[in-house]
$ cat structure37.cif   # mmCIF, C-alpha atoms
data_input
loop_
_atom_site.label_atom_id
_atom_site.label_comp_id
_atom_site.auth_asym_id
_atom_site.auth_seq_id
_atom_site.Cartn_x
_atom_site.Cartn_y
_atom_site.Cartn_z
CA MET A 1 -2.23 14.56 37.46
CA SER A 2 -2.14 16.02 40.94
CA ALA A 3 -2.92 19.70 41.42
CA PRO A 4 -6.28 20.68 39.94
CA ASP A 5 -6.13 23.52 37.47
CA PRO A 6 -7.67 26.66 38.94
CA ALA A 7 -9.53 27.59 35.74
CA PRO A 8 -9.85 24.58 33.48
CA PRO A 9 -10.95 25.31 29.91
CA ALA A 10 -14.50 24.24 29.13
CA ARG A 11 -13.27 21.33 27.06
CA LEU A 12 -11.81 19.61 30.11
CA ARG A 13 -14.30 18.28 32.54
CA VAL A 14 -14.12 16.61 35.90
CA VAL A 15 -14.89 12.95 35.58
CA ALA A 16 -17.39 11.68 38.12
CA GLY A 17 -16.11 8.95 40.39
CA GLY A 18 -12.62 9.05 38.89
CA SER A 19 -13.48 6.81 35.98
CA TYR A 20 -14.32 7.21 32.30
CA ALA A 21 -17.66 5.86 31.12
CA ASP A 22 -17.13 6.24 27.37
CA TRP A 23 -14.43 6.96 24.84
CA GLU A 24 -15.74 10.47 24.22
CA SER A 25 -14.84 11.51 27.74
CA VAL A 26 -11.47 9.76 27.46
CA TYR A 27 -10.77 11.77 24.32
CA ALA A 28 -12.08 15.12 25.54
CA ASP A 29 -10.17 14.84 28.79
CA ASN A 30 -6.85 13.65 27.33
CA VAL A 31 -6.45 14.94 23.80
CA VAL A 32 -4.49 18.02 24.85
CA ALA A 33 -2.25 16.06 27.21
CA VAL A 34 -1.51 13.38 24.62
CA TYR A 35 -0.78 15.99 21.95
CA ARG A 36 1.57 17.85 24.27
CA LEU A 37 3.32 14.65 25.27
CA VAL A 38 3.89 13.81 21.62
CA PHE A 39 4.76 17.35 20.48
CA ARG A 40 7.48 17.66 23.10
CA GLN A 41 9.16 14.64 21.55
CA VAL A 42 8.89 15.51 17.86
CA GLY A 43 8.81 19.32 17.93
CA ASN A 44 6.63 19.98 14.89
CA ARG A 45 2.92 20.16 14.27
CA PRO A 46 2.45 17.78 11.27
CA ASP A 47 4.24 14.89 12.97
CA ALA A 48 2.63 15.64 16.34
CA GLU A 49 -0.86 15.58 14.82
CA ASP A 50 -0.21 12.30 13.00
CA LEU A 51 1.24 10.64 16.08
CA ALA A 52 -1.48 11.88 18.44
CA GLU A 53 -3.99 10.42 16.01
CA GLU A 54 -2.10 7.13 15.99
CA VAL A 55 -2.15 7.03 19.78
CA PHE A 56 -5.92 7.40 19.98
CA LEU A 57 -6.62 5.06 17.07
CA ALA A 58 -4.47 2.41 18.72
CA ALA A 59 -5.56 2.91 22.31
CA LEU A 60 -9.27 3.73 22.25
CA PRO A 61 -10.55 0.47 20.71
CA ARG A 62 -8.62 -1.45 23.34
CA LEU A 63 -9.99 0.35 26.37
CA LYS A 64 -12.53 -1.65 28.28
CA LEU A 65 -14.76 1.03 29.71
CA PRO A 66 -15.69 2.09 32.30
CA ALA A 67 -12.11 2.26 33.55
CA PRO A 68 -10.34 4.32 36.22
CA VAL A 69 -8.89 7.63 35.04
CA ALA A 70 -5.41 6.75 36.27
CA SER A 71 -5.19 3.47 34.40
CA VAL A 72 -6.55 4.98 31.19
CA ARG A 73 -4.00 7.78 31.38
CA SER A 74 -1.13 5.42 32.00
CA TYR A 75 -2.31 3.30 29.08
CA LEU A 76 -2.44 6.37 26.82
CA GLY A 77 0.99 7.43 28.07
CA ALA A 78 2.48 4.02 27.36
CA THR A 79 0.89 3.95 23.92
CA ALA A 80 2.25 7.42 23.16
CA ARG A 81 5.69 6.36 24.28
CA THR A 82 5.64 3.38 21.92
CA VAL A 83 4.24 5.35 18.99
CA VAL A 84 6.86 8.10 19.37
CA ALA A 85 9.72 5.62 19.76
CA ASP A 86 8.54 3.86 16.61
CA HIS A 87 8.48 7.20 14.77
CA TRP A 88 12.10 7.93 15.67
CA ARG A 89 13.13 4.39 14.84
CA ARG A 90 11.43 4.32 11.43
CA HIS A 91 12.41 7.78 10.24
CA TYR A 92 15.75 8.47 11.91
CA ALA A 93 17.12 5.00 12.69
CA ALA A 94 16.86 5.53 16.45
CA PRO A 95 17.12 2.42 18.63
CA PRO A 96 13.72 0.95 19.57
CA ALA A 97 12.15 1.78 22.92
CA ALA A 98 13.33 -0.25 25.84
CA PRO A 99 10.56 -2.39 27.33
CA LEU A 100 8.67 -0.58 30.04
CA PRO A 101 8.96 -2.13 33.51
CA GLU A 102 5.56 -3.25 34.76
CA ASP A 103 5.40 -0.90 37.70
CA VAL A 104 6.35 2.23 35.75
CA THR A 105 3.71 4.58 34.42
CA VAL A 106 4.41 7.26 31.85
CA ALA A 107 3.74 10.71 33.24
CA MET A 108 1.28 12.76 31.23
CA PRO A 109 1.73 16.53 31.17
CA GLU A 110 -0.94 18.73 32.68
CA PRO A 111 -3.33 19.23 29.79
CA ALA A 112 -3.97 22.88 30.46
CA ALA A 113 -0.42 24.13 30.91
CA GLY A 114 1.41 24.69 27.62
CA ASP A 115 3.87 26.85 29.52
CA GLY A 116 7.02 25.23 28.16
CA GLY A 117 8.19 24.73 31.73
CA ARG A 118 10.55 21.83 31.16
CA ALA A 119 12.14 23.34 28.07
CA THR A 120 12.52 26.73 29.75
CA ARG A 121 14.25 25.14 32.71
CA LEU A 122 16.53 23.27 30.34
CA LEU A 123 17.53 26.54 28.65
CA ALA A 124 18.22 28.16 32.01
CA ARG A 125 20.80 25.51 32.85
CA LEU A 126 22.91 26.10 29.73
CA PRO A 127 26.09 28.22 29.61
CA GLU A 128 25.42 31.82 28.52
CA ARG A 129 26.35 31.67 24.79
CA PHE A 130 24.56 28.36 24.29
CA ARG A 131 21.46 29.62 26.04
CA GLN A 132 21.55 32.82 24.00
CA ILE A 133 21.66 31.18 20.57
CA LEU A 134 18.91 28.73 21.45
CA GLU A 135 16.68 31.45 22.91
CA LEU A 136 17.10 33.60 19.81
CA ARG A 137 16.19 30.67 17.60
CA PHE A 138 13.58 28.74 19.57
CA LEU A 139 11.94 31.45 21.71
CA ARG A 140 12.20 34.50 19.47
CA GLY A 141 12.07 32.57 16.22
CA LEU A 142 14.97 34.42 14.57
CA SER A 143 16.71 32.98 11.52
CA VAL A 144 20.34 31.87 11.80
CA ARG A 145 21.41 35.06 10.04
CA GLN A 146 19.39 37.32 12.35
CA ALA A 147 20.59 35.45 15.43
CA ALA A 148 24.19 35.75 14.23
CA ALA A 149 23.80 39.50 13.76
CA GLU A 150 22.31 39.83 17.23
CA MET A 151 25.23 37.94 18.74
CA GLY A 152 27.87 39.68 16.63
CA VAL A 153 29.16 36.51 14.97
CA THR A 154 29.11 35.11 11.45
CA ALA A 155 26.23 32.92 10.28
CA GLY A 156 28.64 29.99 10.10
CA ASN A 157 29.67 30.52 13.69
CA ALA A 158 26.06 30.75 14.75
CA ARG A 159 25.33 27.41 13.10
CA VAL A 160 28.21 25.71 14.86
CA LEU A 161 27.22 27.34 18.13
CA GLN A 162 23.66 26.15 17.73
CA HIS A 163 24.81 22.59 17.10
CA ARG A 164 27.06 22.56 20.15
CA ALA A 165 24.33 24.11 22.26
CA LEU A 166 21.90 21.38 21.22
CA ARG A 167 24.46 18.70 22.04
CA ARG A 168 24.94 20.22 25.49
CA ALA A 169 21.19 20.52 25.99
CA ALA A 170 20.88 16.84 25.09
CA GLU A 171 23.43 15.93 27.76
CA LEU A 172 21.62 18.01 30.36
CA SER A 173 18.29 16.55 29.33
CA GLU A 174 19.62 13.01 29.72
CA ASP A 175 20.83 13.79 33.23
CA GLY A 176 17.24 14.67 34.06
CA GLU A 177 15.90 17.84 35.57
CA MET B 1 26.56 16.06 4.66
CA ARG B 2 28.13 17.18 7.91
CA PRO B 3 26.22 16.28 11.05
CA ASP B 4 25.66 19.90 12.07
CA ARG B 5 24.19 20.56 8.60
CA ARG B 6 21.68 17.77 8.87
CA VAL B 7 20.70 18.75 12.39
CA GLY B 8 20.58 22.37 11.26
CA ARG B 9 18.13 21.51 8.51
CA PHE B 10 16.06 19.50 11.00
CA VAL B 11 15.93 22.55 13.29
CA GLU B 12 14.88 24.80 10.40
CA ASP B 13 12.00 22.46 9.64
CA LEU B 14 10.91 22.37 13.28
CA LEU B 15 10.97 26.14 13.57
CA ARG B 16 8.80 26.48 10.47
CA ASN B 17 6.46 23.74 11.70
CA ARG B 18 7.24 21.64 8.66
CA ARG B 19 7.52 17.88 8.69
CA PRO B 20 11.30 17.40 8.86
CA ARG B 21 13.14 15.41 6.25
CA ARG B 22 13.89 11.80 7.23
CA PHE B 23 17.42 10.39 7.30
CA ARG B 24 19.51 7.81 9.09
CA ALA B 25 20.84 9.80 12.01
CA THR B 26 23.89 9.00 14.12
CA PRO B 27 23.39 8.68 17.89
CA GLU B 28 24.97 12.14 18.34
CA GLU B 29 22.65 13.69 15.78
CA LEU B 30 19.68 11.97 17.40
CA ALA B 31 20.54 13.43 20.79
CA ALA B 32 20.75 16.95 19.37
CA MET B 33 17.52 16.48 17.39
CA ARG B 34 15.61 15.27 20.42
CA ALA B 35 16.84 18.26 22.39
CA ALA B 36 15.69 20.54 19.58
CA ALA B 37 12.25 18.88 19.57
CA GLU B 38 11.95 19.47 23.28
CA LEU B 39 13.09 23.09 23.01
CA ARG B 40 10.35 23.76 20.48
CA SER B 41 7.88 23.61 23.35
CA ALA B 42 9.71 26.37 25.24
CA ARG B 43 7.66 28.97 23.44
CA LEU B 44 4.45 29.66 25.31
CA GLY B 45 1.63 27.58 23.88
CA ALA B 46 3.70 26.08 21.07
CA ASP B 47 2.84 22.58 22.21
CA LEU B 48 -0.92 23.11 22.34
CA PRO B 49 -2.97 21.44 19.61
CA ASP B 50 -4.84 23.34 16.91
CA PRO B 51 -8.57 23.27 17.83
CA VAL B 52 -9.35 22.37 14.22
CA PHE B 53 -7.22 19.27 14.61
CA VAL B 54 -8.91 18.35 17.91
CA ASP B 55 -12.36 18.58 16.31
CA ARG B 56 -11.34 16.70 13.19
CA LEU B 57 -9.78 13.84 15.14
CA GLY B 58 -12.84 13.68 17.40
CA ARG B 59 -15.08 13.25 14.35
CA ARG B 60 -12.72 10.69 12.87
CA LEU B 61 -12.76 8.65 16.06
CA ARG B 62 -16.54 8.82 16.22
CA GLU B 63 -16.69 7.31 12.73
CA GLU B 64 -14.22 4.62 13.72
CA LEU B 65 -15.62 3.75 17.11
CA SER B 66 -19.37 4.11 16.91
CA GLY B 67 -21.89 3.81 14.17
CA GLU B 68 -21.01 1.02 11.79
CA PRO B 69 -22.66 -2.29 12.80
CA ARG B 70 -19.49 -4.21 12.06
CA ASP B 71 -17.75 -2.15 14.71
CA ARG B 72 -20.05 -3.12 17.56
CA SER B 73 -17.50 -5.68 18.59
CA LEU B 74 -14.99 -2.93 19.30
CA THR B 75 -16.00 -3.00 22.94
CA ARG B 76 -15.33 -6.69 23.18
CA ARG B 77 -12.25 -8.32 24.48
CA ARG B 78 -10.10 -9.45 21.61
CA LEU B 79 -6.68 -10.62 20.65
CA LEU B 80 -4.31 -7.90 19.63
CA LEU B 81 -2.07 -9.39 17.10
CA GLY B 82 1.54 -8.54 16.62
CA ALA B 83 1.20 -4.77 16.88
CA GLY B 84 4.17 -3.50 18.82
CA THR B 85 2.10 -0.61 20.06
CA ALA B 86 -0.42 -2.88 21.67
CA ALA B 87 2.13 -5.25 23.08
CA ALA B 88 4.05 -2.54 24.88
CA ALA B 89 1.02 -0.61 25.99
CA ALA B 90 -0.70 -3.72 27.31
CA VAL B 91 1.90 -3.81 30.06
CA ALA B 92 0.52 -0.60 31.45
CA GLY B 93 -3.09 -1.45 30.71
CA GLY B 94 -3.14 -5.02 31.89
CA ALA B 95 -3.72 -4.20 35.52
CA ALA B 96 -7.01 -2.39 35.54
CA GLY B 97 -10.01 -2.47 33.31
CA ILE B 98 -8.25 -2.62 29.99
CA ALA B 99 -8.47 -5.53 27.63
CA GLY B 100 -4.88 -6.53 27.10
CA ASP B 101 -3.23 -9.26 25.11
CA ARG B 102 -4.06 -12.79 26.02
CA ALA B 103 -1.44 -15.44 25.37
CA LEU B 104 -0.06 -14.24 22.08
CA ALA B 105 2.42 -15.53 19.64
CA GLY B 106 5.71 -13.65 19.85
CA ALA B 107 6.64 -10.84 17.52
CA GLY B 108 7.58 -12.10 14.08
CA SER B 109 5.50 -15.24 14.29
CA ARG B 110 2.45 -15.41 12.11
CA GLU B 111 0.94 -18.44 13.72
CA LEU B 112 -1.23 -17.92 16.77
CA VAL B 113 -1.51 -20.78 19.19
CA PRO B 114 -2.61 -19.34 22.50
CA GLY B 115 -1.79 -21.35 25.60
CA GLY B 116 -4.77 -23.26 26.99
CA ALA B 117 -6.52 -23.07 23.64
CA THR B 118 -9.45 -25.25 22.58
CA TRP B 119 -11.24 -25.77 19.28
CA GLN B 120 -14.18 -23.43 19.04
CA PRO B 121 -16.81 -23.43 16.29
CA VAL B 122 -17.13 -19.96 14.77
CA LEU B 123 -19.14 -20.28 11.54
CA ALA B 124 -20.96 -22.81 9.40
CA ALA B 125 -18.61 -23.81 6.60
CA ALA B 126 -21.46 -23.32 4.14
CA ALA B 127 -21.65 -19.66 5.13
CA VAL B 128 -18.26 -18.99 3.58
CA ALA B 129 -18.42 -19.16 -0.21
CA PRO B 130 -15.21 -19.87 -2.12
CA GLY B 131 -13.12 -16.73 -2.58
CA ARG B 132 -14.89 -14.97 0.27
CA ALA B 133 -14.00 -13.90 3.80
CA VAL B 134 -16.61 -13.88 6.58
CA ARG B 135 -16.19 -12.17 9.91
CA PHE B 136 -16.43 -14.01 13.20
CA SER B 137 -15.90 -13.04 16.85
CA THR B 138 -15.06 -15.09 19.88
CA ASP B 139 -14.38 -13.76 23.35
CA ALA B 140 -10.69 -13.69 22.51
CA VAL B 141 -10.34 -13.02 18.84
CA GLU B 142 -11.78 -10.96 16.01
CA GLY B 143 -11.20 -12.81 12.78
CA PHE B 144 -12.15 -13.73 9.26
CA VAL B 145 -12.69 -17.21 7.95
CA VAL B 146 -11.43 -17.40 4.39
CA ASN B 147 -12.43 -20.08 1.92
CA ARG B 148 -9.83 -20.57 -0.79
CA ASP B 149 -10.92 -23.38 -3.08
CA GLY B 150 -12.47 -25.33 -0.24
CA GLN B 151 -9.53 -24.77 2.11
CA TYR B 152 -10.64 -22.86 5.21
CA ARG B 153 -8.33 -20.74 7.27
CA ALA B 154 -9.00 -18.14 9.95
CA TYR B 155 -7.04 -14.90 9.97
CA SER B 156 -6.91 -12.10 12.47
CA ALA B 157 -9.25 -9.24 11.57
CA THR B 158 -7.12 -6.56 13.18
CA CYS B 159 -4.69 -4.63 11.03
CA THR B 160 -1.06 -5.39 11.86
CA HIS B 161 -0.26 -1.68 11.73
CA LEU B 162 -2.32 -0.20 14.55
CA GLY B 163 -5.00 -2.76 15.28
CA CYS B 164 -7.94 -1.20 13.43
CA LEU B 165 -10.62 -3.71 12.42
CA LEU B 166 -10.51 -4.83 8.80
CA HIS B 167 -13.54 -5.28 6.58
CA GLU B 168 -14.06 -7.35 3.46
CA ALA B 169 -13.69 -5.22 0.34
CA ALA B 170 -14.40 -5.96 -3.30
CA GLY B 171 -11.98 -8.12 -5.21
CA GLY B 172 -11.07 -10.56 -2.44
CA ARG B 173 -9.37 -8.07 -0.21
CA LEU B 174 -9.45 -7.21 3.48
CA ALA B 175 -9.27 -3.46 3.92
CA CYS B 176 -8.18 -1.33 6.85
CA PRO B 177 -10.23 1.87 7.33
CA CYS B 178 -7.47 3.63 9.24
CA HIS B 179 -4.59 3.93 6.77
CA ARG B 180 -5.93 2.33 3.58
CA THR B 181 -3.90 -0.85 3.92
CA THR B 182 -5.33 -3.92 2.19
CA PHE B 183 -4.55 -7.60 2.68
CA GLY B 184 -5.19 -10.55 0.40
CA LEU B 185 -7.22 -13.60 1.38
CA ASP B 186 -3.92 -15.33 2.14
CA GLY B 187 -3.09 -12.65 4.73
CA SER B 188 -0.41 -10.98 2.61
CA VAL B 189 -0.17 -7.19 2.28
CA LEU B 190 -1.52 -6.04 -1.09
CA GLU B 191 -1.42 -2.26 -0.78
CA HIS B 192 -0.31 0.20 1.85
CA GLU B 193 0.63 3.87 2.15
CA LEU B 194 2.85 3.49 5.18
CA PRO B 195 6.57 4.16 5.29
CA GLN B 196 7.15 0.47 5.94
CA ALA B 197 4.95 -2.44 4.88
CA PRO B 198 2.98 -3.81 7.82
CA ALA B 199 3.32 -7.49 8.70
CA PRO B 200 1.05 -10.03 7.02
CA LEU B 201 -2.06 -11.07 8.94
CA PRO B 202 -1.51 -13.76 11.55
CA TRP B 203 -3.63 -16.88 11.17
CA LEU B 204 -5.12 -19.39 13.55
CA HIS B 205 -5.22 -23.16 13.34
CA THR B 206 -8.47 -23.93 11.58
CA ARG B 207 -10.44 -27.11 10.83
CA VAL B 208 -13.90 -28.14 9.68
CA ARG B 209 -15.90 -30.56 11.87
CA ASP B 210 -19.52 -31.51 11.23
CA GLY B 211 -19.98 -28.63 8.82
CA GLN B 212 -18.62 -26.09 11.32
CA VAL B 213 -15.42 -24.10 10.90
CA GLU B 214 -13.50 -24.37 14.17
CA VAL B 215 -10.49 -22.34 15.30
CA LEU B 216 -7.98 -23.09 18.00
CA THR B 217 -8.26 -20.27 20.51
CA VAL B 218 -8.71 -19.49 24.17
#

$ encode --input "structure37.cif" --output "structure tokens"
Amino acid sequence: MSAPDPAPPARLRVVAGGSYADWESVYADNVVAVYRLVFRQVGNRPDAEDLAEEVFLAALPRLKLPAPVASVRSYLGATARTVVADHWRRHYAAPPAAPLPEDVTVAMPEPAAGDGGRATRLLARLPERFRQILELRFLRGLSVRQAAAEMGVTAGNARVLQHRALRRAAELSEDGE
Amino acid sequence: MRPDRRVGRFVEDLLRNRRPRRFRATPEELAAMRAAAELRSARLGADLPDPVFVDRLGRRLREELSGEPRDRSLTRRRLLLGAGTAAAAAVAGGAAGIAGDRALAGAGSRELVPGGATWQPVLAAAAVAPGRAVRFSTDAVEGFVVNRDGQYRAYSATCTHLGCLLHEAAGGRLACPCHRTTFGLDGSVLEHELPQAPAPLPWLHTRVRDGQVEVLTV
């Protein structure tokens, strides 16, 4: 949480002395960031809402307040990481989260952004056809059929292309930004 | 079903903001699905929460965290029992100002014997009628003492799902307010609405001395 936002929404407020006095300020100051962190890892609203709720229900009772902003945020980030990993493990048989090294904190996204920066950069690094199919689907929200028509291929081809594009995006994402 | 079909259906659900269907995914499918989840936030503002949700959760938390007398102890230091969430997150929280786990039994164990523990009186035995559970708090643990036919045993009072505090409900049950899970007076799970049954409640070594119920804790 480095650069201050030039025009923070009213909901977000500067916390005096860099610490949170009560859970209400923890919630008000972090709910957007926690939701974004979770949404980026599950990609749909119903799951993101459930998991963000789980994060706060698990973390807030355990906070001993007042506490420094940085340590509360890293605690929320670590809780979110565990909750999301558990979601993927339970529902899609993903391997459990590796233990977090003690000196590592989980970065929280800037609460005010919502600019899709990371995902947009990921798209930009893909080969042309892969980028195109994913942009038509994820940015413009076209159906497979519409996207296929736009690209001049069959719907079947568009589906295969989309799958390959996602596999490539996954490889790029693993390599880091 | 072919892998690209299952991933394709997952993508369709994401794009329509529906809860995707669950299935056992291969590592390759998982990688593609995670990439799809991330790409969903490429659209401007797609990853911002609905204000209605933010308000609703805020009210929900207020009910959970303030108000009820039995929840006053929420600000106290307590044992967090068995919840994977807490165990992992405590690593990050342990350093500064956050009550983390203190000397816990490992995952999978139901018996809590913290290192450096001593016997501490928590309740008068007479205060716990047969077939009842009575709440107690120490600096380290939130628990219930249960009297089953004159046998006393202390159980953790935090739900093994996400650590919400349980309360005694009618019919000899301990109920979780967060996800409607209930436990029996022997710590077993009676009802739950979760995808997987949570673990039974951990218990502490318990004895009665001079009319006092004592538990072994730090």

$ residues_around --input "structure37.cif" --residues "Asp86 of chain A" --least-positions-apart "6" --cutoff "12 Å" --atoms "all atoms listed in the file" --output "PDB file with C-alpha atoms, in the coordinates of the input"
ATOM      1  CA  GLN A  41       9.160  14.640  21.550  1.00  0.00           C
ATOM      2  CA  VAL A  42       8.890  15.510  17.860  1.00  0.00           C
ATOM      3  CA  LEU A  51       1.240  10.640  16.080  1.00  0.00           C
ATOM      4  CA  GLU A  54      -2.100   7.130  15.990  1.00  0.00           C
ATOM      5  CA  VAL A  55      -2.150   7.030  19.780  1.00  0.00           C
ATOM      6  CA  THR A  79       0.890   3.950  23.920  1.00  0.00           C
ATOM      7  CA  ALA A  80       2.250   7.420  23.160  1.00  0.00           C
ATOM      8  CA  TYR A  92      15.750   8.470  11.910  1.00  0.00           C
ATOM      9  CA  ALA A  93      17.120   5.000  12.690  1.00  0.00           C
ATOM     10  CA  ALA A  94      16.860   5.530  16.450  1.00  0.00           C
ATOM     11  CA  PRO A  95      17.120   2.420  18.630  1.00  0.00           C
ATOM     12  CA  PRO A  96      13.720   0.950  19.570  1.00  0.00           C
ATOM     13  CA  ALA A  97      12.150   1.780  22.920  1.00  0.00           C
ATOM     14  CA  ALA A  98      13.330  -0.250  25.840  1.00  0.00           C
TER      15      ALA A  98
ATOM     16  CA  ALA B  83       1.200  -4.770  16.880  1.00  0.00           C
ATOM     17  CA  GLY B  84       4.170  -3.500  18.820  1.00  0.00           C
ATOM     18  CA  THR B  85       2.100  -0.610  20.060  1.00  0.00           C
ATOM     19  CA  ALA B  88       4.050  -2.540  24.880  1.00  0.00           C
ATOM     20  CA  HIS B 161      -0.260  -1.680  11.730  1.00  0.00           C
ATOM     21  CA  LEU B 162      -2.320  -0.200  14.550  1.00  0.00           C
ATOM     22  CA  PRO B 195       6.570   4.160   5.290  1.00  0.00           C
ATOM     23  CA  GLN B 196       7.150   0.470   5.940  1.00  0.00           C
TER      24      GLN B 196
END

$ closest_atom_pairs --input "structure37.cif" --of "chain A" --to "chain B" --cutoff "7 Å" --atoms "all atoms listed in the file" --output "Markdown table"
| residue | atom | partner | partner_atom | distance |
| --- | --- | --- | --- | --- |
| A:Val32 | CA | B:Pro49 | CA | 6.4 |
| A:Tyr35 | CA | B:Pro49 | CA | 6.3 |
| A:Arg36 | CA | B:Asp47 | CA | 5.3 |
| A:Phe39 | CA | B:Asp47 | CA | 5.8 |
| A:Arg40 | CA | B:Glu38 | CA | 4.8 |
| A:Gln41 | CA | B:Ala37 | CA | 5.6 |
| A:Val42 | CA | B:Ala37 | CA | 5.1 |
| A:Gly43 | CA | B:Ala37 | CA | 3.8 |
| A:Asn44 | CA | B:Asn17 | CA | 4.9 |
| A:Arg45 | CA | B:Asn17 | CA | 5.7 |
| A:Pro46 | CA | B:Arg19 | CA | 5.7 |
| A:Asp47 | CA | B:Arg19 | CA | 6.2 |
| A:Glu53 | CA | B:Leu57 | CA | 6.8 |
| A:Ala58 | CA | B:Leu162 | CA | 5.4 |
| A:Pro61 | CA | B:Leu74 | CA | 5.8 |
| A:Arg62 | CA | B:Ala99 | CA | 5.9 |
| A:Leu63 | CA | B:Ile98 | CA | 5.0 |
| A:Lys64 | CA | B:Ile98 | CA | 4.7 |
| A:Leu65 | CA | B:Gly97 | CA | 6.9 |
| A:Ala67 | CA | B:Gly97 | CA | 5.2 |
| A:Ser71 | CA | B:Ala96 | CA | 6.2 |
| A:Ser74 | CA | B:Ala92 | CA | 6.3 |
| A:Tyr75 | CA | B:Gly93 | CA | 5.1 |
| A:Ala78 | CA | B:Ala89 | CA | 5.0 |
| A:Thr79 | CA | B:Ala89 | CA | 5.0 |
| A:Thr82 | CA | B:Thr85 | CA | 5.6 |
| A:Val83 | CA | B:Thr85 | CA | 6.4 |
| A:His91 | CA | B:Arg22 | CA | 5.2 |
| A:Tyr92 | CA | B:Arg24 | CA | 4.7 |
| A:Ala93 | CA | B:Arg24 | CA | 5.2 |
| A:Pro99 | CA | B:Ala88 | CA | 7.0 |
| A:Glu102 | CA | B:Val91 | CA | 6.0 |
| A:Thr105 | CA | B:Ala92 | CA | 6.8 |
| A:Gly114 | CA | B:Gly45 | CA | 4.7 |
| A:Asp115 | CA | B:Leu44 | CA | 5.1 |
| A:Gly116 | CA | B:Ala42 | CA | 4.1 |
| A:Gly117 | CA | B:Ala42 | CA | 6.9 |
| A:Ala119 | CA | B:Ala42 | CA | 4.8 |
| A:Thr120 | CA | B:Ala42 | CA | 5.3 |
| A:Phe138 | CA | B:Arg40 | CA | 6.0 |
| A:Leu139 | CA | B:Arg43 | CA | 5.2 |
| A:Val160 | CA | B:Asp4 | CA | 6.9 |
| A:His163 | CA | B:Asp4 | CA | 5.8 |
| A:Leu166 | CA | B:Ala32 | CA | 4.9 |
| A:Arg167 | CA | B:Ala32 | CA | 4.9 |
| A:Ala169 | CA | B:Ala35 | CA | 6.1 |
| A:Ala170 | CA | B:Ala35 | CA | 5.1 |

$ residues_around --input "structure37.cif" --residues "Arg132 of chain B" --least-positions-apart "2" --cutoff "8 Å" --atoms "all atoms listed in the file" --output "PyMOL selection string"
chain B and resi 128-130+134+146-148+172+185

$ write_last_selection --input "structure37.cif" --atoms "C-alpha atoms" --output "mmCIF file, keeping the file's coordinate frame"
data_model
loop_
_atom_site.group_PDB
_atom_site.id
_atom_site.type_symbol
_atom_site.label_atom_id
_atom_site.label_comp_id
_atom_site.auth_asym_id
_atom_site.auth_seq_id
_atom_site.Cartn_x
_atom_site.Cartn_y
_atom_site.Cartn_z
ATOM 1 C CA VAL B 128 -18.260 -18.990 3.580
ATOM 2 C CA ALA B 129 -18.420 -19.160 -0.210
ATOM 3 C CA PRO B 130 -15.210 -19.870 -2.120
ATOM 4 C CA VAL B 134 -16.610 -13.880 6.580
ATOM 5 C CA VAL B 146 -11.430 -17.400 4.390
ATOM 6 C CA ASN B 147 -12.430 -20.080 1.920
ATOM 7 C CA ARG B 148 -9.830 -20.570 -0.790
ATOM 8 C CA GLY B 172 -11.070 -10.560 -2.440
ATOM 9 C CA LEU B 185 -7.220 -13.600 1.380
#

$ resolve_selection --input "structure37.cif" --expression "the PyMOL selection byres ((chain B and resi 198) around 6)" --output "list in words"
Thr160, His161, Ala197 and Ala199 of chain B

$ atom_distance --input "structure37.cif" --atom1 "atom CA of Phe56 of chain A" --atom2 "atom CA of Val34 of chain A"
8.8 Å

$ atom_distance --input "structure37.cif" --atom1 "atom CA of Gly187 of chain B" --atom2 "atom CA of Ala124 of chain B"
21.1 Å

$ atom_distance --input "structure37.cif" --atom1 "atom CA of Asp139 of chain B" --atom2 "atom CA of Val213 of chain B"
16.2 Å

$ closest_residue --input "structure37.cif" --among "A:Pro127, A:Gly77, A:Pro66, A:Gly156" --to "Val31 of chain A" --atoms "all atoms listed in the file"
A:Gly77

$ resolve_selection --input "structure37.cif" --expression "the PyMOL selection byres ((chain B and resi 210) around 10)" --output "JSON list (two decimals) with C-alpha atoms, keeping the file's coordinate frame"
[["chain", "number", "residue", "atom", "x", "y", "z"],
["B", 121, "PRO", "CA", -16.81, -23.43, 16.29],
["B", 124, "ALA", "CA", -20.96, -22.81, 9.40],
["B", 125, "ALA", "CA", -18.61, -23.81, 6.60],
["B", 208, "VAL", "CA", -13.90, -28.14, 9.68],
["B", 209, "ARG", "CA", -15.90, -30.56, 11.87],
["B", 211, "GLY", "CA", -19.98, -28.63, 8.82],
["B", 212, "GLN", "CA", -18.62, -26.09, 11.32],
["B", 213, "VAL", "CA", -15.42, -24.10, 10.90],
["B", 214, "GLU", "CA", -13.50, -24.37, 14.17]]

$ closest_residue --input "structure37.cif" --among "A:Arg90, A:Arg125, A:Arg81, A:Arg145" --to "Glu171 of chain A" --atoms "all atoms listed in the file"
A:Arg125

$ residues_around --input "structure37.cif" --residues "Thr206 of chain B" --least-positions-apart "5" --cutoff "9 Å" --atoms "all atoms listed in the file" --output "list in words"
Trp119, Val145, Tyr152, Arg153, Ala154, Val213, Glu214, Val215 and Leu216 of chain B

$ axis_aligned_box --input "structure37.cif" --around "segment 145-158 of chain A" --padding-each-side "8 Å" --output "JSON"
{"center_x": 24.5, "center_y": 34.9, "center_z": 14.4, "size_x": 26.3, "size_y": 25.8, "size_z": 24.7}

$ closest_residue --input "structure37.cif" --among "A:Leu122, A:Leu37, A:Leu60, A:Leu172" --to "Leu134 of chain A" --atoms "all atoms listed in the file"
A:Leu122

$ resolve_selection --input "structure37.cif" --expression "the PyMOL selection byres ((chain B and resi 201) around 9)" --output "number ranges by chain"
B: 81-82, 110, 155-160, 183, 186-189, 198-200, 202-203
